[in-house]
>>> print(open('upload.cif').read())   # mmCIF, C-alpha atoms
data_structure
#
loop_
_atom_site.label_atom_id
_atom_site.label_comp_id
_atom_site.auth_asym_id
_atom_site.auth_seq_id
_atom_site.Cartn_x
_atom_site.Cartn_y
_atom_site.Cartn_z
CA MET A 13 -38.35 54.27 -12.17
CA ASN A 14 -38.64 50.65 -13.24
CA SER A 15 -34.85 50.33 -12.90
CA SER A 16 -35.03 51.66 -9.34
CA ILE A 17 -37.73 49.17 -8.45
CA ILE A 18 -35.71 46.32 -9.94
CA ILE A 19 -32.57 47.41 -8.09
CA ALA A 20 -34.54 47.73 -4.84
CA GLY A 21 -36.05 44.30 -5.35
CA GLN A 22 -32.65 42.77 -6.00
CA SER A 23 -31.25 44.49 -2.90
CA ILE A 24 -34.10 43.13 -0.79
CA GLU A 25 -33.59 39.65 -2.25
CA GLN A 26 -29.86 39.77 -1.53
CA SER A 27 -30.51 40.96 2.02
CA TYR A 28 -32.99 38.13 2.51
CA LEU A 29 -30.53 35.57 1.17
CA HIS A 30 -27.79 36.93 3.44
CA PHE A 31 -30.17 36.77 6.39
CA ILE A 32 -31.12 33.16 5.59
CA THR A 33 -27.45 32.22 5.17
CA ASP A 34 -26.49 33.86 8.47
CA MET A 35 -29.34 32.18 10.30
CA THR A 36 -28.42 28.82 8.80
CA ASP A 37 -24.81 29.23 9.90
CA ILE A 38 -25.93 30.19 13.41
CA PHE A 39 -28.29 27.20 13.51
CA HIS A 40 -25.52 24.78 12.43
CA LYS A 41 -23.16 26.26 15.03
CA LEU A 42 -25.78 25.78 17.72
CA LEU A 43 -26.14 22.14 16.65
CA ASP A 44 -22.38 21.54 16.98
CA ILE A 45 -22.40 19.25 20.06
CA ARG A 46 -19.07 18.45 21.72
CA HIS A 47 -19.41 14.77 22.48
CA SER A 48 -17.63 11.63 21.26
CA ASP A 49 -20.72 9.38 21.01
CA GLU A 50 -22.89 9.84 17.92
CA GLU A 51 -26.11 8.79 19.67
CA SER A 52 -25.43 11.34 22.43
CA ARG A 53 -24.69 14.02 19.83
CA GLN A 54 -28.04 13.31 18.15
CA ARG A 55 -29.87 13.60 21.47
CA GLY A 56 -27.96 16.82 22.13
CA ARG A 57 -29.10 18.25 18.80
CA ASN A 58 -32.69 17.32 19.71
CA ILE A 59 -32.33 19.06 23.07
CA VAL A 60 -30.96 22.23 21.45
CA ILE A 61 -33.74 22.34 18.86
CA ILE A 62 -36.48 21.75 21.46
CA ALA A 63 -34.92 24.23 23.88
CA LEU A 64 -34.80 26.83 21.12
CA GLY A 65 -38.40 26.07 20.22
CA LEU A 66 -39.52 26.31 23.85
CA LEU A 67 -37.55 29.52 24.20
CA VAL A 68 -39.38 30.99 21.23
CA ILE A 69 -42.71 29.76 22.60
CA ASN A 70 -41.97 31.36 25.98
CA LEU A 71 -41.04 34.60 24.27
CA ILE A 72 -44.36 34.49 22.44
CA VAL A 73 -46.13 33.75 25.73
CA SER A 74 -44.32 36.66 27.35
CA ILE A 75 -45.48 38.98 24.61
CA THR A 76 -49.01 37.59 24.94
CA ILE A 77 -48.94 38.15 28.69
CA ILE A 78 -47.68 41.69 28.28
CA VAL A 79 -50.34 42.47 25.71
CA GLY A 80 -53.37 40.66 27.07
CA PHE A 81 -52.68 39.69 30.70
CA THR A 82 -50.86 42.59 32.28
CA GLU A 83 -52.19 41.67 35.71
CA LEU A 84 -50.30 38.28 35.70
CA PHE A 85 -46.93 39.67 36.72
CA SER A 86 -45.84 36.44 38.42
CA LEU A 87 -46.54 34.44 35.26
CA LEU A 88 -44.49 36.90 33.26
CA VAL A 89 -41.55 36.52 35.65
CA ALA A 90 -41.82 32.72 35.47
CA THR A 91 -41.85 32.83 31.69
CA PHE A 92 -38.80 35.10 31.64
CA LEU A 93 -36.94 32.75 34.00
CA ALA A 94 -37.88 29.84 31.70
CA VAL A 95 -36.36 31.72 28.75
CA LEU A 96 -33.10 32.12 30.71
CA LEU A 97 -33.19 28.47 31.72
CA TYR A 98 -33.61 27.27 28.13
CA ALA A 99 -30.67 29.46 27.09
CA VAL A 100 -28.59 27.78 29.83
CA ILE A 101 -29.78 24.36 28.60
CA VAL A 102 -28.56 25.17 25.07
CA PHE A 103 -25.21 26.30 26.44
CA LEU A 104 -24.73 23.20 28.63
CA THR A 105 -25.81 20.82 25.87
CA ARG A 106 -23.41 22.33 23.35
CA ARG A 107 -20.62 21.88 25.93
CA GLY A 108 -21.36 18.13 26.06
CA SER A 109 -23.62 17.82 29.13
CA ILE A 110 -26.28 15.90 27.18
CA ASN A 111 -28.04 14.12 30.05
CA LEU A 112 -28.06 17.25 32.22
CA GLY A 113 -29.55 19.32 29.40
CA GLY A 114 -32.22 16.70 28.75
CA TRP A 115 -33.20 16.43 32.40
CA LEU A 116 -33.31 20.22 32.78
CA THR A 117 -35.61 20.48 29.77
CA VAL A 118 -37.96 17.73 30.93
CA GLY A 119 -37.79 18.81 34.58
CA THR A 120 -38.58 22.41 33.71
CA ALA A 121 -41.65 21.38 31.74
CA LEU A 122 -42.80 18.98 34.48
CA PHE A 123 -42.15 21.37 37.35
CA GLY A 124 -43.61 24.38 35.56
CA THR A 125 -46.76 22.51 34.60
CA THR A 126 -47.24 21.13 38.13
CA VAL A 127 -46.75 24.54 39.79
CA ALA A 128 -49.04 26.22 37.25
CA SER A 129 -51.69 23.59 37.96
CA PHE A 130 -51.55 24.36 41.70
CA VAL A 131 -51.54 28.12 41.16
CA ASN A 132 -54.29 28.12 38.53
CA PRO A 133 -56.63 25.22 39.35
CA ASP A 134 -59.40 26.86 37.37
CA ARG A 135 -57.45 26.60 34.08
CA PRO A 136 -56.74 23.44 32.00
CA VAL A 137 -52.99 23.49 32.67
CA THR A 138 -52.72 19.86 33.82
CA VAL A 139 -52.90 18.60 30.22
CA PHE A 140 -49.40 19.99 29.69
CA LEU A 141 -48.00 17.15 31.84
CA ALA A 142 -48.20 15.05 28.67
CA VAL A 143 -45.56 17.36 27.18
CA SER A 144 -43.07 16.13 29.79
CA LEU A 145 -43.56 12.53 28.62
CA VAL A 146 -43.19 13.51 24.96
CA LEU A 147 -40.02 15.46 25.78
CA ALA A 148 -38.62 12.53 27.78
CA ALA A 149 -39.28 10.14 24.89
CA THR A 150 -37.36 12.45 22.57
CA LEU A 151 -34.50 13.66 24.78
CA LEU A 152 -33.78 10.98 27.40
CA ARG A 153 -32.84 7.33 27.49
CA PHE A 154 -35.44 4.60 27.96
CA ARG A 155 -34.79 4.10 31.68
CA ASP A 156 -35.09 7.87 32.23
CA VAL A 157 -38.46 7.90 30.45
CA ILE A 158 -39.74 5.41 33.03
CA VAL A 159 -38.57 7.75 35.81
CA VAL A 160 -40.33 10.71 34.16
CA PHE A 161 -43.51 8.65 33.83
CA GLY A 162 -43.35 7.96 37.56
CA LEU A 163 -42.85 11.67 38.27
CA VAL A 164 -45.88 12.55 36.10
CA LEU A 165 -47.98 10.05 38.03
CA LEU A 166 -46.67 11.56 41.26
CA ALA A 167 -47.60 15.07 40.04
CA LEU A 168 -51.07 13.89 39.08
CA GLY A 169 -51.51 12.23 42.46
CA SER A 170 -50.35 15.38 44.24
CA LEU A 171 -52.81 17.49 42.27
CA ALA A 172 -55.58 15.07 43.08
CA LEU A 173 -54.80 15.14 46.81
CA PHE A 174 -53.63 18.66 47.52
CA ALA A 175 -54.90 20.92 44.73
CA GLU A 176 -57.74 23.24 45.59
CA SER A 177 -61.09 21.94 44.46
CA THR A 178 -62.68 24.32 42.05
CA VAL A 179 -65.09 24.36 39.18
CA ILE A 180 -63.20 24.90 35.95
CA THR A 181 -64.84 27.58 33.87
CA VAL A 182 -62.94 28.14 30.66
CA THR A 183 -63.64 30.87 28.15
CA SER A 184 -62.85 30.46 24.49
CA GLU A 185 -59.82 32.69 24.81
CA GLN A 186 -58.55 30.84 27.87
CA PHE A 187 -59.01 27.50 26.09
CA LEU A 188 -57.46 28.57 22.82
CA ILE A 189 -54.24 29.94 24.34
CA PRO A 190 -53.24 26.67 26.15
CA SER A 191 -54.31 24.72 23.09
CA ALA A 192 -52.13 26.88 20.88
CA ILE A 193 -49.19 26.51 23.28
CA LEU A 194 -49.69 22.74 23.46
CA CYS A 195 -49.84 22.57 19.66
CA GLY A 196 -46.64 24.60 19.57
CA PHE A 197 -44.93 22.10 21.91
CA ILE A 198 -46.08 19.15 19.84
CA THR A 199 -45.03 20.93 16.63
CA VAL A 200 -41.55 21.55 17.94
CA ILE A 201 -41.19 17.95 19.13
CA SER A 202 -42.60 16.64 15.84
CA PHE A 203 -40.11 18.83 14.00
CA VAL A 204 -37.30 17.38 16.10
CA GLN A 205 -38.46 13.84 15.42
CA SER A 206 -38.83 14.54 11.71
CA PHE A 207 -35.45 16.25 11.59
CA GLY A 208 -33.83 13.36 13.45
CA ASN A 209 -35.46 10.84 11.10
CA GLU A 210 -34.28 12.80 8.09
CA VAL A 211 -30.74 12.97 9.45
CA LEU A 212 -30.86 9.26 10.21
CA HIS A 213 -32.18 8.58 6.70
CA ARG A 214 -29.38 10.62 5.15
CA ARG A 215 -26.81 8.81 7.24
CA LEU A 216 -28.32 5.48 6.31
CA GLN A 217 -28.24 6.52 2.66
CA THR A 218 -24.61 7.61 3.05
CA ALA A 219 -23.76 4.35 4.81
CA LEU A 220 -25.56 2.40 2.07
CA GLN A 221 -23.68 4.26 -0.65
CA GLN A 222 -20.41 3.68 1.16
CA THR A 223 -21.30 0.01 1.54
CA GLN A 224 -22.12 -0.22 -2.17
CA GLN A 225 -18.88 1.54 -3.05
CA SER A 226 -17.00 -0.78 -0.72
CA ALA A 227 -18.74 -3.78 -2.30
CA HIS A 228 -17.90 -2.48 -5.78
CA GLU A 229 -14.31 -1.88 -4.75
CA LEU A 230 -14.17 -5.32 -3.14
CA LYS A 231 -15.58 -6.86 -6.32
CA ARG A 232 -12.96 -5.02 -8.37
CA LEU A 233 -10.21 -6.15 -6.00
CA ASN A 234 -11.52 -9.73 -6.17
CA ALA A 235 -11.50 -9.58 -9.96
CA GLU A 236 -7.99 -8.17 -9.91
CA LEU A 237 -6.95 -10.85 -7.43
CA ASP A 238 -8.50 -13.57 -9.60
CA ARG A 239 -6.69 -12.18 -12.61
CA ARG A 240 -3.40 -12.15 -10.74
CA VAL A 241 -4.00 -15.64 -9.39
CA THR A 242 -4.80 -16.89 -12.89
CA LEU A 243 -1.68 -15.20 -14.26
CA GLN A 244 0.45 -16.60 -11.45
CA THR A 245 -1.10 -20.04 -11.97
CA GLU A 246 -0.30 -19.93 -15.66
CA THR A 247 3.23 -18.74 -14.89
CA LEU A 248 3.70 -21.51 -12.32
CA HIS A 249 2.25 -24.06 -14.76
CA MET A 250 4.66 -22.95 -17.45
CA ALA A 251 7.53 -22.99 -14.95
CA LEU A 252 6.49 -26.48 -13.84
CA GLN A 253 6.37 -27.69 -17.44
CA GLU A 254 9.79 -26.17 -18.06
CA LEU A 255 11.09 -27.76 -14.88
CA GLU A 256 9.66 -31.14 -15.89
CA GLU A 257 11.24 -30.77 -19.34
CA ARG A 258 14.57 -29.93 -17.76
CA SER A 259 14.18 -32.87 -15.41
CA ARG A 260 13.50 -35.19 -18.36
CA GLN A 261 16.51 -33.79 -20.16
CA GLN A 262 18.65 -34.23 -17.07
CA ASP A 263 17.40 -37.80 -16.64
CA LYS A 264 18.18 -38.46 -20.28
CA LEU A 265 21.64 -36.92 -19.92
CA LEU A 266 22.20 -38.89 -16.72
CA ALA A 267 21.19 -42.12 -18.47
CA GLU A 268 23.55 -41.27 -21.33
CA VAL A 269 26.33 -40.51 -18.86
CA ILE A 270 25.72 -43.80 -17.06
CA ALA A 271 25.70 -45.67 -20.37
CA GLN A 272 28.84 -43.89 -21.47
CA ARG A 273 30.47 -44.63 -18.14
CA ASP A 274 29.60 -48.32 -18.54
CA VAL A 275 31.03 -48.27 -22.05
CA ILE A 276 34.15 -46.51 -20.80
CA ARG A 277 34.51 -49.05 -18.02
CA GLN A 278 34.11 -51.88 -20.48
CA LEU A 279 36.62 -50.29 -22.82
CA SER A 280 39.00 -49.63 -19.93
CA VAL A 281 39.10 -53.38 -19.19
CA PRO A 282 38.87 -55.00 -22.66
CA VAL A 283 38.91 -58.77 -23.04
CA LEU A 284 40.58 -59.70 -26.35
CA PRO A 285 40.59 -63.19 -27.89
CA VAL A 286 44.05 -64.21 -29.15
CA GLY A 287 43.40 -67.86 -29.85
CA PRO A 288 40.72 -70.54 -29.96
CA ALA A 289 40.52 -70.72 -26.16
CA THR A 290 42.73 -67.86 -25.03
CA LEU A 291 41.73 -64.38 -23.83
CA VAL A 292 43.94 -61.41 -23.03
CA MET A 293 42.88 -58.65 -20.54
CA PRO A 294 45.32 -55.72 -20.62
CA LEU A 295 45.05 -53.54 -17.51
CA ILE A 296 46.21 -49.92 -17.61
CA GLY A 297 46.19 -47.26 -14.87
CA THR A 298 45.26 -47.31 -11.20
CA ILE A 299 42.86 -50.02 -10.12
CA ASP A 300 40.27 -49.12 -7.47
CA ARG A 301 37.42 -51.10 -5.95
CA ASP A 302 34.86 -50.26 -8.66
CA ARG A 303 37.29 -51.10 -11.40
CA LEU A 304 38.13 -54.41 -9.71
CA THR A 305 34.44 -55.30 -9.81
CA THR A 306 34.28 -54.40 -13.50
CA ILE A 307 37.42 -56.48 -14.23
CA GLN A 308 35.94 -59.51 -12.51
CA GLN A 309 32.56 -59.17 -14.30
CA GLN A 310 34.14 -58.63 -17.73
CA ALA A 311 36.57 -61.53 -17.36
CA LEU A 312 34.03 -64.06 -16.10
CA THR A 313 31.45 -63.03 -18.71
CA ALA A 314 33.94 -63.39 -21.58
CA ILE A 315 35.16 -66.78 -20.33
CA GLY A 316 31.63 -68.07 -20.01
CA GLN A 317 30.59 -66.84 -23.46
CA GLN A 318 33.70 -68.04 -25.37
CA HIS A 319 34.46 -71.16 -23.28
CA ALA A 320 38.08 -70.02 -22.93
CA ARG A 321 40.67 -72.15 -21.14
CA TRP A 322 43.24 -69.40 -20.57
CA LEU A 323 43.00 -65.82 -19.32
CA ILE A 324 46.13 -63.73 -19.69
CA LEU A 325 46.20 -60.74 -17.29
CA ASP A 326 48.61 -58.10 -18.59
CA VAL A 327 49.47 -55.71 -15.68
CA THR A 328 52.26 -53.92 -17.51
CA GLY A 329 50.35 -50.60 -17.29
CA VAL A 330 49.39 -50.96 -13.61
CA PRO A 331 51.66 -48.71 -11.46
CA VAL A 332 50.80 -50.23 -8.06
CA ILE A 333 49.38 -53.51 -6.84
CA ASP A 334 48.51 -53.15 -3.16
CA THR A 335 46.70 -55.46 -0.79
CA GLU A 336 43.24 -54.47 -2.02
CA VAL A 337 44.13 -54.99 -5.70
CA ALA A 338 45.85 -58.27 -4.89
CA GLY A 339 42.76 -59.48 -3.03
CA GLY A 340 40.59 -58.66 -6.04
CA LEU A 341 42.96 -60.52 -8.36
CA ILE A 342 42.96 -63.54 -6.03
CA GLN A 343 39.12 -63.59 -6.14
CA LEU A 344 39.30 -63.38 -9.93
CA VAL A 345 41.75 -66.32 -10.16
CA GLN A 346 39.55 -68.45 -7.92
CA SER A 347 36.42 -67.61 -9.93
CA VAL A 348 38.16 -68.33 -13.24
CA ARG A 349 39.32 -71.71 -12.00
CA LEU A 350 35.75 -72.57 -10.99
CA LEU A 351 34.81 -72.00 -14.63
CA GLY A 352 37.48 -74.55 -15.73
CA ALA A 353 40.05 -72.03 -16.97
CA ASP A 354 43.46 -70.91 -15.78
CA VAL A 355 45.09 -67.49 -15.31
CA VAL A 356 48.42 -66.33 -16.68
CA LEU A 357 50.05 -63.16 -15.22
CA VAL A 358 52.11 -60.95 -17.52
CA GLY A 359 54.11 -57.73 -17.15
CA VAL A 360 54.87 -57.41 -13.46
CA ARG A 361 57.37 -54.56 -13.28
CA PRO A 362 60.30 -54.62 -10.85
CA GLU A 363 58.90 -51.88 -8.56
CA VAL A 364 55.51 -53.62 -8.51
CA ALA A 365 57.15 -56.96 -7.68
CA GLN A 366 59.16 -55.26 -4.89
CA THR A 367 55.99 -53.73 -3.46
CA MET A 368 54.18 -57.06 -3.54
CA VAL A 369 57.05 -58.79 -1.75
CA SER A 370 57.25 -56.03 0.89
CA LEU A 371 53.55 -56.40 1.51
CA SER A 372 53.81 -60.23 1.55
CA ILE A 373 51.36 -60.48 -1.31
CA GLU A 374 51.31 -63.91 -2.94
CA LEU A 375 49.05 -64.54 -5.89
CA PRO A 376 47.82 -68.14 -6.54
CA ILE A 377 49.11 -67.95 -10.13
CA THR A 378 51.64 -70.51 -11.31
CA HIS A 379 52.10 -69.10 -14.80
CA VAL A 380 53.93 -65.78 -14.80
CA TYR A 381 55.74 -64.22 -17.78
CA SER A 382 57.60 -61.01 -18.34
CA ASP A 383 55.94 -60.04 -21.61
CA LEU A 384 52.73 -60.75 -23.51
CA ALA A 385 54.42 -62.51 -26.48
CA SER A 386 56.04 -65.11 -24.25
CA ALA A 387 52.77 -65.74 -22.50
CA ILE A 388 50.83 -66.17 -25.75
CA GLU A 389 53.52 -68.48 -27.18
CA SER A 390 53.56 -70.62 -24.02
CA VAL A 391 49.76 -70.85 -23.90
CA ALA A 392 49.65 -71.82 -27.60
CA HIS A 393 52.33 -74.50 -27.07
CA ARG A 394 50.40 -75.93 -24.13
CA ALA A 395 47.24 -75.97 -26.22
CA VAL A 396 48.98 -77.92 -29.03
CA ASN A 397 50.41 -80.43 -26.57
CA ALA A 398 47.00 -80.82 -25.01
CA ARG A 399 45.44 -81.70 -28.37
CA ARG A 400 48.16 -84.37 -29.03
#
>>> encode(input="upload.cif", output="structure tokens")
Amino acid sequence: MNSSIIIAGQSIEQSYLHFITDMTDIFHKLLDIRHSDEESRQRGRNIVIIALGLLVINLIVSITIIVGFTELFSLLVATFLAVLLYAVIVFLTRRGSINLGGWLTVGTALFGTTVASFVNPDRPVTVFLAVSLVLAATLLRFRDVIVVFGLVLLALGSLALFAESTVITVTSEQFLIPSAILCGFITVISFVQSFGNEVLHRRLQTALQQTQQSAHELKRLNAELDRRVTLQTETLHMALQELEERSRQQDKLLAEVIAQRDVIRQLSVPVLPVGPATLVMPLIGTIDRDRLTTIQQQALTAIGQQHARWLILDVTGVPVIDTEVAGGLIQLVQSVRLLGADVVLVGVRPEVAQTMVSLSIELPITHVYSDLASAIESVAHRAVNARR
């Protein structure tokens, strides 16, 4: 027997849980508002909840009328029509007609209260006009609330002017029923406000958590970015140091190349002493403009340092003497003579002499010999004669 009771209890509990789950699913489906704006969807959810609450209240009123006020057939019909209207409001709101659903809800409450006040002037129905304002504050926009307030004032003015004057005599039962209904209205609206605040709080909490997660992720990304920037900076610094080192090495190599080139140039135009006052400059290979400059500098420097009287230019190894080379040699002869020395030309080959004649090149050199030995012997003989 105990087992049967336990099984029955579990079955009842499961049935209750299934009922709660089904009702919750139905409630969430009813609150599924088809609208793109979040604020409008929230107002739509408020409208649906209030309409459902008013629908339930009207059903309770209908049952109360059937049980206790069977003579008020017109009130029963009005309540039944209100139930249908609230069902239509839920349907329209879920379809996305938020403003229409809100106005229908507020308008129904305002119109129903006004009509009931005219029909039953001996009952305290007028107090329900406050419900219209509370509904407007919950379901409509601010500018619409102002319109509803004006309509409530208009309804109050109409009641004051056109309602039948009567002495209100209210029994306890007649007072308690409107009070209970009014409390039911306020409870539903308070539930909607509380529910909306809770939803807003959850959304704010969700937004705050998302913001914190975003901030944490941003902080992590900033740290990662700083790490990458530091790594890149170190890499660039190392690359810059390596580049500077390479640049210094290249500058050093370039300086060595320049020094070696100067040495090569000096070696390519050597000035050799062959006597107390005699210098020999053997020239080999093609002579260009840079080499002419080097020849002139080397010759004049050597003459100035050794106080030579004779400079023997040996051009045996020069393949061509053109106009440019001849001009450089003429400048050299003139400069040497300004230093008090004279120039002797040696080794002009037949093809070079033919080229010079064809180009009408005439060097201002009076001492010309075919070979170096003859030139040295002649210069030495002249030196001996000069000492005698």
>>> atom_distance(input="upload.cif", atom1="CA of Ser109 in chain A", atom2="CA of Leu66 in chain A")
18.8 Å
>>> closest_residue(input="upload.cif", among="A:Val275, A:Val330, A:Val160, A:Val102", to="Thr298 in chain A", atoms="all atoms listed in the file")
A:Val330
>>> resolve_selection(input="upload.cif", expression="the PyMOL selection byres ((chain A and resi 285) around 12)", output="number ranges by chain")
A: 282-284, 286-294, 311, 314-315, 317-324, 388
>>> resolve_selection(input="upload.cif", expression="the PyMOL selection byres ((chain A and resi 124) around 12)", output="number ranges by chain")
A: 70, 87, 90-91, 93-94, 97, 116-123, 125-132, 137-138, 140-141, 143-144, 167
>>> atom_distance(input="upload.cif", atom1="CA of Leu96 in chain A", atom2="CA of Leu112 in chain A")
15.8 Å
>>> resolve_selection(input="upload.cif", expression="the PyMOL selection byres ((chain A and resi 44) around 9)", output="list in words")
Phe39, His40, Lys41, Leu42, Leu43, Ile45, Arg46, Arg53, Gly56, Arg57 and Arg106 of chain A
>>> atom_distance(input="upload.cif", atom1="CA of Leu237 in chain A", atom2="CA of His249 in chain A")
17.7 Å
>>> closest_residue(input="upload.cif", among="A:Gly316, A:Gly65, A:Gly113, A:Gly297", to="Val348 in chain A", atoms="all atoms listed in the file")
A:Gly316
>>> residues_near_point(input="upload.cif", point="(52.9, -66.6, -11.9)", cutoff="9 Å", atoms="only C-alpha atoms", output="list in words")
Val355, Val356, Leu357, Val358, Leu375, Pro376, Ile377, Thr378, His379, Val380 and Tyr381 of chain A
